[in-house]
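Take a look at the structure below.
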Amino acid sequence: MSIENKMSVTERKKKQILEAAIAEFQERGFAGASMDRISERAQVSKRTVYNHFESKEELFKAINQCLADQFNAAMEVPYDPDLPIRDALLRLGWAEGDLLTSPCFMNMARMVMSETIRDPKLAEDMDARMTKLSVVEDFMARATQEGKLDVADPKLAATQFMGLIKSRGFFPNIYANRL
């Protein structure tokens with residue numbers, strides 16, 4: 001039985017609404033999107049949309065949360081002291097890299113990024129939902145404690161590590177029409 005079949009009717013409706021909202025926000029931006037068109041795209045009543053999300057802002061925050069959840073889940077790569085450090089770093093890097101090669105993820109990231117540029121409060125909200133830098137920072141600190149890395153500032157090392165990945169994977173793809 002597929003995951004979709006195991007979802008309740010309410011969960012399926014919510015998923016339809018989120019998918020429709022992503023498409024609507026991608027096409028028209030936050031300001032141009034309408035709850036009427038989202039309900040039409042989702043093939044649900046406007047009342048159903050509002051039963052799940054009381055406003056367009058709440059719907060957009062839910063999409064932000066979906067994106068943050070994908071980021072955070074992908075980065076659940078604990079430090080493994082038994083792996084050679086090179087292998088452990090590659091494993092950590094590919095956890096992020098896999099996201100950056102997913103067309104679905106990148107489409108959602110483009111949409112969210114364009115809106116967070118427009119509204120700094122949305123950017124703050126999105127940033128608060130992301131935990132991946134702390135995961136990489138913890139990884140760097142543990143590897144240093146184990147004597148496998150020599151890192152004076154784990155937070156700086158984490159920022160630089162993620163920056164290297166983004167410079168080759170995220171930023172070139174965020175501007176491309178497709179991967």
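For the structure tokens, the naming scheme is as follows: chains receive sequential letters (A, B, ...) according to their order of presentation, residues are indexed from 1 within each chain, and ligands are indexed from 1 in presentation order.
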
Contacts between range 90-103 of chain A and range 56-84 of chain A, please, where a residue of range 56-84 of chain A counts if it comes within 8 Å (with only C-alpha atoms); show its shortest atom pair and distance in Å to one decimal, rows by chain and ascending number, as a tab-separated table.
residue	atom	partner	partner_atom	distance
A:Phe71	CA	A:Leu99	CA	7.5
A:Ala74	CA	A:Ala95	CA	5.5
A:Met75	CA	A:Ala95	CA	5.9
A:Val77	CA	A:Leu92	CA	6.1

Within 8 Å of Asp36 in chain A using only C-alpha atoms, minus same-chain residues under 3 positions, as a list in words: Ser39, Glu40 and Lys46 of chain A

Need to verify the contact set: Ser55 in chain A, 12 Å, only C-alpha atoms, exclusion of same-chain residues closer than 3 positions in sequence. Can you return it as a list of chain:residue names?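 Near neighbours after the sequence-gap exclusion: A:Ala21, A:Phe30, A:Ala33, A:Ser34, A:Met35, A:Asp36, A:Ile38, A:Lys46, A:Arg47, A:Thr48, A:Val49, A:Tyr50, A:Asn51, A:His52, A:Glu58, A:Leu59, A:Phe60, A:Lys61, A:Ala62.
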
Could you dump the residues just selected with N, CA and C atoms as an mmCIF file, in the first residue's frame?
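Wrote it out as result_8.cif, contents follow:
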data_model
loop_
_atom_site.group_PDB
_atom_site.id
_atom_site.type_symbol
_atom_site.label_atom_id
_atom_site.label_comp_id
_atom_site.auth_asym_id
_atom_site.auth_seq_id
_atom_site.Cartn_x
_atom_site.Cartn_y
_atom_site.Cartn_z
ATOM 1 N N ALA A 21 -0.663 25.410 -3.615
ATOM 2 C CA ALA A 21 -0.126 26.693 -3.158
ATOM 3 C C ALA A 21 1.303 26.901 -3.651
ATOM 4 N N PHE A 30 4.050 35.657 -3.855
ATOM 5 C CA PHE A 30 3.164 35.716 -2.694
ATOM 6 C C PHE A 30 2.060 36.745 -2.905
ATOM 7 N N ALA A 33 -0.577 35.704 -5.557
ATOM 8 C CA ALA A 33 -1.304 34.447 -5.328
ATOM 9 C C ALA A 33 -2.646 34.731 -4.669
ATOM 10 N N SER A 34 -3.624 33.899 -4.990
ATOM 11 C CA SER A 34 -4.931 34.061 -4.345
ATOM 12 C C SER A 34 -5.404 32.723 -3.780
ATOM 13 N N MET A 35 -6.105 32.826 -2.683
ATOM 14 C CA MET A 35 -6.658 31.626 -2.055
ATOM 15 C C MET A 35 -7.716 30.994 -2.961
ATOM 16 N N ASP A 36 -8.415 31.806 -3.766
ATOM 17 C CA ASP A 36 -9.401 31.263 -4.710
ATOM 18 C C ASP A 36 -8.726 30.347 -5.723
ATOM 19 N N ILE A 38 -5.810 28.940 -5.447
ATOM 20 C CA ILE A 38 -5.232 27.789 -4.746
ATOM 21 C C ILE A 38 -6.300 26.725 -4.530
ATOM 22 N N LYS A 46 -12.998 26.553 -1.142
ATOM 23 C CA LYS A 46 -12.253 27.615 -0.450
ATOM 24 C C LYS A 46 -12.374 27.414 1.071
ATOM 25 N N ARG A 47 -13.520 26.956 1.509
ATOM 26 C CA ARG A 47 -13.732 26.687 2.932
ATOM 27 C C ARG A 47 -12.740 25.632 3.427
ATOM 28 N N THR A 48 -12.494 24.600 2.617
ATOM 29 C CA THR A 48 -11.537 23.554 2.995
ATOM 30 C C THR A 48 -10.139 24.145 3.138
ATOM 31 N N VAL A 49 -9.766 25.034 2.207
ATOM 32 C CA VAL A 49 -8.455 25.688 2.303
ATOM 33 C C VAL A 49 -8.366 26.428 3.628
ATOM 34 N N TYR A 50 -9.386 27.216 3.947
ATOM 35 C CA TYR A 50 -9.362 28.000 5.190
ATOM 36 C C TYR A 50 -9.501 27.137 6.444
ATOM 37 N N ASN A 51 -10.095 25.958 6.317
ATOM 38 C CA ASN A 51 -10.134 25.042 7.466
ATOM 39 C C ASN A 51 -8.726 24.563 7.828
ATOM 40 N N HIS A 52 -7.868 24.435 6.816
ATOM 41 C CA HIS A 52 -6.498 23.986 7.043
ATOM 42 C C HIS A 52 -5.545 25.141 7.340
ATOM 43 N N GLU A 58 -0.294 32.036 6.657
ATOM 44 C CA GLU A 58 -0.149 30.756 7.354
ATOM 45 C C GLU A 58 0.163 29.625 6.372
ATOM 46 N N LEU A 59 -0.429 29.687 5.217
ATOM 47 C CA LEU A 59 -0.161 28.700 4.173
ATOM 48 C C LEU A 59 1.296 28.798 3.715
ATOM 49 N N PHE A 60 1.777 30.014 3.533
ATOM 50 C CA PHE A 60 3.168 30.199 3.133
ATOM 51 C C PHE A 60 4.118 29.711 4.234
ATOM 52 N N LYS A 61 3.778 29.974 5.480
ATOM 53 C CA LYS A 61 4.605 29.476 6.595
ATOM 54 C C LYS A 61 4.633 27.948 6.607
ATOM 55 N N ALA A 62 3.520 27.330 6.276
ATOM 56 C CA ALA A 62 3.482 25.858 6.226
ATOM 57 C C ALA A 62 4.398 25.336 5.121
#

DSSP on the backbone: what in range 26-137 of chain A comes out helix (DSSP H, G or I), as a ChimeraX atom specification? /A:26-32,35-42,46-52,56-74,85-100,103-118,120-129,132-137

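Using only C-alpha atoms, the shortest contact distance between Leu149 in chain A and any of A:Leu122, A:Ala68, A:Ile85, A:Leu133 is found at A:Ile85.
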
Restricting the calculation to only C-alpha atoms, which member of A:Phe161, A:Tyr175, A:Phe139, A:Tyr79 is positioned closest to Asn107 in chain A? A:Tyr175

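From CA of Leu67 in chain A back to CA of Asp153 in chain A, the distance works out to 28.1 Å.
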
Using only C-alpha atoms, determine which residues lie at most 12 Å from Asp119 in chain A, disregarding the query and same-chain residues fewer than 5 positions distant; provide the list as an MDAnalysis selection string. chainID A and resid 29:31 57 112:114 124:126

Output file for the residues above (N, CA, C and O atoms, as a short mmCIF file (atom, residue, chain, number, x, y, z; two decimals), in the first residue's frame):
data_model
loop_
_atom_site.label_atom_id
_atom_site.label_comp_id
_atom_site.auth_asym_id
_atom_site.auth_seq_id
_atom_site.Cartn_x
_atom_site.Cartn_y
_atom_site.Cartn_z
N GLY A 29 4.00 34.59 -7.31
CA GLY A 29 4.59 35.22 -6.14
C GLY A 29 3.58 35.29 -5.02
O GLY A 29 2.38 35.02 -5.22
N PHE A 30 4.05 35.66 -3.85
CA PHE A 30 3.16 35.72 -2.69
C PHE A 30 2.06 36.74 -2.91
O PHE A 30 0.88 36.47 -2.69
N ALA A 31 2.44 37.96 -3.32
CA ALA A 31 1.47 39.04 -3.45
C ALA A 31 0.40 38.73 -4.50
O ALA A 31 -0.77 39.07 -4.32
N GLU A 57 -0.76 33.87 4.58
CA GLU A 57 0.50 33.92 5.33
C GLU A 57 0.75 32.60 6.06
O GLU A 57 1.87 32.09 6.07
N VAL A 112 10.43 29.99 -2.24
CA VAL A 112 10.59 30.53 -0.89
C VAL A 112 11.65 31.62 -0.88
O VAL A 112 11.47 32.68 -0.28
N MET A 113 12.76 31.39 -1.58
CA MET A 113 13.84 32.36 -1.60
C MET A 113 13.38 33.69 -2.19
O MET A 113 13.70 34.76 -1.67
N SER A 114 12.60 33.65 -3.27
CA SER A 114 12.15 34.90 -3.87
C SER A 114 11.27 35.69 -2.91
O SER A 114 11.34 36.92 -2.87
N GLU A 124 13.62 35.72 8.30
CA GLU A 124 13.91 35.39 9.70
C GLU A 124 13.17 34.13 10.13
O GLU A 124 13.73 33.28 10.82
N ASP A 125 11.90 34.03 9.73
CA ASP A 125 11.10 32.87 10.07
C ASP A 125 11.72 31.60 9.49
O ASP A 125 11.85 30.59 10.18
N MET A 126 12.14 31.68 8.24
CA MET A 126 12.75 30.51 7.58
C MET A 126 14.05 30.14 8.26
O MET A 126 14.33 28.97 8.52
#
